[in-house]
Structure formats: structure tokens, C-alpha cells
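What follows is a short report on a single structure.
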Amino acid sequence: MQTNDVEKIKHSLELDEKLSHQVKGWNAQKIGGMVIVLIIVLTALGLFGNGLLSSKKVVQHGANLQYERFLRYEKEADIRWWVSGGRETTFRIPVQYLDYFKIENVVPEGYETHISGGYLTYTFSTDQPAATIVHFYLMPQKIGNITGAWKVNDRDFRITHFIYP
């Protein structure tokens with residue numbers, strides 16, 4: 001809105017109206033309102049947690065991975081895997097990645113673990129070759145960007161998160 005667009009009223013009072021300042025204030029209110037609406041829409045879409053912008057799904061090499069890219073500090077995150085075939089499924093998680101997380105739970109139970117070569121390894125065995133479904137429940141312990149290259153049956157899967165405070 002321009003100063004010329006505002007109707008000026010003649011009056012007998014001696015006031016310094018500074019109409020240009022009023023117009024700047026109105027424009028700032030409009031911009032602020034648009035920013036607030038944009039933040040609300042992005043939040044609803046998942047920029048700060050669960051939603052379309054945050055949800056990530058990777059399908060490759062007979063494995064499906066599903067996780068959230070945007071996490072909150074000390075709010076549990078679920079990393080879900082569906083791995084087909086084989087009687088044994090091995091997950092190798094980089095220790096550097098785990099510096100940012102605390103493993104709260106792994107489902108199903110009945111796995112073997114060991115640490116070697118900078119990786120924490122989980123091995124799941126089944127009686128029959130079938131799809132293995134595994135949930136890793138992790139608690140973020142630091143804030144910031146984190147990227148880790150998990151290995152599932154010796155195939156790399158890059159997982160990237162941003163952890164909000």
C-alpha cells in the first residue's frame with residue numbers, strides 16, 4: 001500500500017501523523033501474517049516432525065527402510081526395516097552414528113550383537129527364509145545434522161536426520 005492510496009482527512013488539529021510510518025506498519029503486518037501461515041503449513045506437512053516432508057522411505061536390494069528425517073531431541077524415533085529372503089539378516093550401525101542416539105529397544109528380540117570395525121552389529125536368525133521386520137527405537141541425544149551409512153546384509157543405506165532442540 002502506498003501513502004498516496006490512503007485518504008487524507010483535513011482537520012484543524014496540529015498532529016504529526018507520519019502516514020508513511022503507518023503504511024510501513026501495515027505492510028509489516030501483512031508480511032508477518034504470511035510468514036506465520038507459511039510456518040503453520042510447513043509444520044502440518046512435517047517440517048518439524050512426523051509428516052510428508054519428514055517421512056523417508058528407501059527401497060533397494062530387497063530391503064525397505066522407513067524413517068523420519070526431522071527428529072526432536074529426546075523424543076523416540078522408530079527406524080523400520082523389511083528385509084526379504086535369507087535365514088540370517090545382519091544390521092551394521094556405525095558407532096559414530098550412535099554417538100547421537102541411545103538405542104531404547106530393538107524388536108524382535110532374540111538377536112546377537114557385537115562391536116567390531118567401528119560398527120555395532122545385530123544379527124537376526126530365522127528357521128525359514130522369509131521377510132524379516134525389525135524396528136530400532138532410538139532416542140536422540142544431541143542436536144544437529146547426522147548422517148550414517150547403515151549396512152544391511154553388506155549393502156549400504158544412507159540415513160540422514162536433522163535433530164531439533
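We name chains A, B, ... following the order of the C-alpha cells; residues begin at 1 in each chain, and ligands are numbered from 1 as shown.
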Fill in: Spatial neighbours of Arg155 of chain A, max dist 10 Å, only C-alpha atoms, sep filter under 6 positions, as a list in words
Gln60, His61, Ala63, Thr90, Phe91, Arg92 and Ala149 of chain A
Would you write out those residues with N, CA and C atoms, as a PDB file, in the first residue's frame?
ATOM      1  N   GLN A  60      15.572 -50.724  -1.758  1.00  0.00           N
ATOM      2  CA  GLN A  60      16.683 -51.166  -2.610  1.00  0.00           C
ATOM      3  C   GLN A  60      17.220 -52.502  -2.116  1.00  0.00           C
ATOM      4  N   HIS A  61      17.720 -53.288  -3.023  1.00  0.00           N
ATOM      5  CA  HIS A  61      18.377 -54.569  -2.717  1.00  0.00           C
ATOM      6  C   HIS A  61      17.528 -55.493  -1.843  1.00  0.00           C
ATOM      7  N   ALA A  63      15.359 -54.706   0.383  1.00  0.00           N
ATOM      8  CA  ALA A  63      15.113 -54.181   1.723  1.00  0.00           C
ATOM      9  C   ALA A  63      14.328 -52.871   1.620  1.00  0.00           C
ATOM     10  N   THR A  90      21.667 -59.265   8.847  1.00  0.00           N
ATOM     11  CA  THR A  90      22.656 -58.555   9.644  1.00  0.00           C
ATOM     12  C   THR A  90      22.531 -57.055   9.429  1.00  0.00           C
ATOM     13  N   PHE A  91      22.438 -56.321  10.525  1.00  0.00           N
ATOM     14  CA  PHE A  91      22.406 -54.856  10.512  1.00  0.00           C
ATOM     15  C   PHE A  91      23.696 -54.365  11.153  1.00  0.00           C
ATOM     16  N   ARG A  92      24.428 -53.521  10.451  1.00  0.00           N
ATOM     17  CA  ARG A  92      25.656 -52.927  10.990  1.00  0.00           C
ATOM     18  C   ARG A  92      25.447 -51.419  11.076  1.00  0.00           C
ATOM     19  N   ALA A 149      25.768 -44.379   7.520  1.00  0.00           N
ATOM     20  CA  ALA A 149      25.640 -45.389   6.467  1.00  0.00           C
ATOM     21  C   ALA A 149      25.479 -46.752   7.133  1.00  0.00           C
TER      22      ALA A 149
END
Worksheet item: What residues in segment 44-101 of chain A get the DSSP label helix (DSSP H, G or I)? Please answer as a list in words.
Response: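 So, restricting segment 44-101 of chain A to helix (DSSP H, G or I), we get Ala44, Leu45, Val95, Gln96, Tyr97 and Leu98 of chain A.
Minimum atom-to-atom distance to Val23 of chain A, evaluated using only C-alpha atoms, belongs to A:Glu7 out of A:Val35, A:Ile103, A:Glu7, A:Thr121.
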Worksheet item: Hey, can you check how far atom CA of Tyr111 of chain A sits from atom CA of Arg72 of chain A?
Response: 28.1 Å
Discussion item. Residues near Arg158 of chain A, anyone? I mean within 10 Å using only C-alpha atoms, not counting same-chain ones fewer than 6 positions away, as a VMD selection string.
Written reply: chain A and resid 58 147 to 151
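A straight line drawn from atom CA of Asn105 of chain A to atom CA of Thr123 of chain A is 14.8 Å long.
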Fill in: Long-range neighbours of Tyr73 of chain A as a list of chain:residue names, 9 Å cut-off, only C-alpha atoms, 4 positions minimum in chain
A:Met139, A:Pro140, A:Gln141, A:Lys142, A:Ile143, A:Ile163, A:Tyr164, A:Pro165
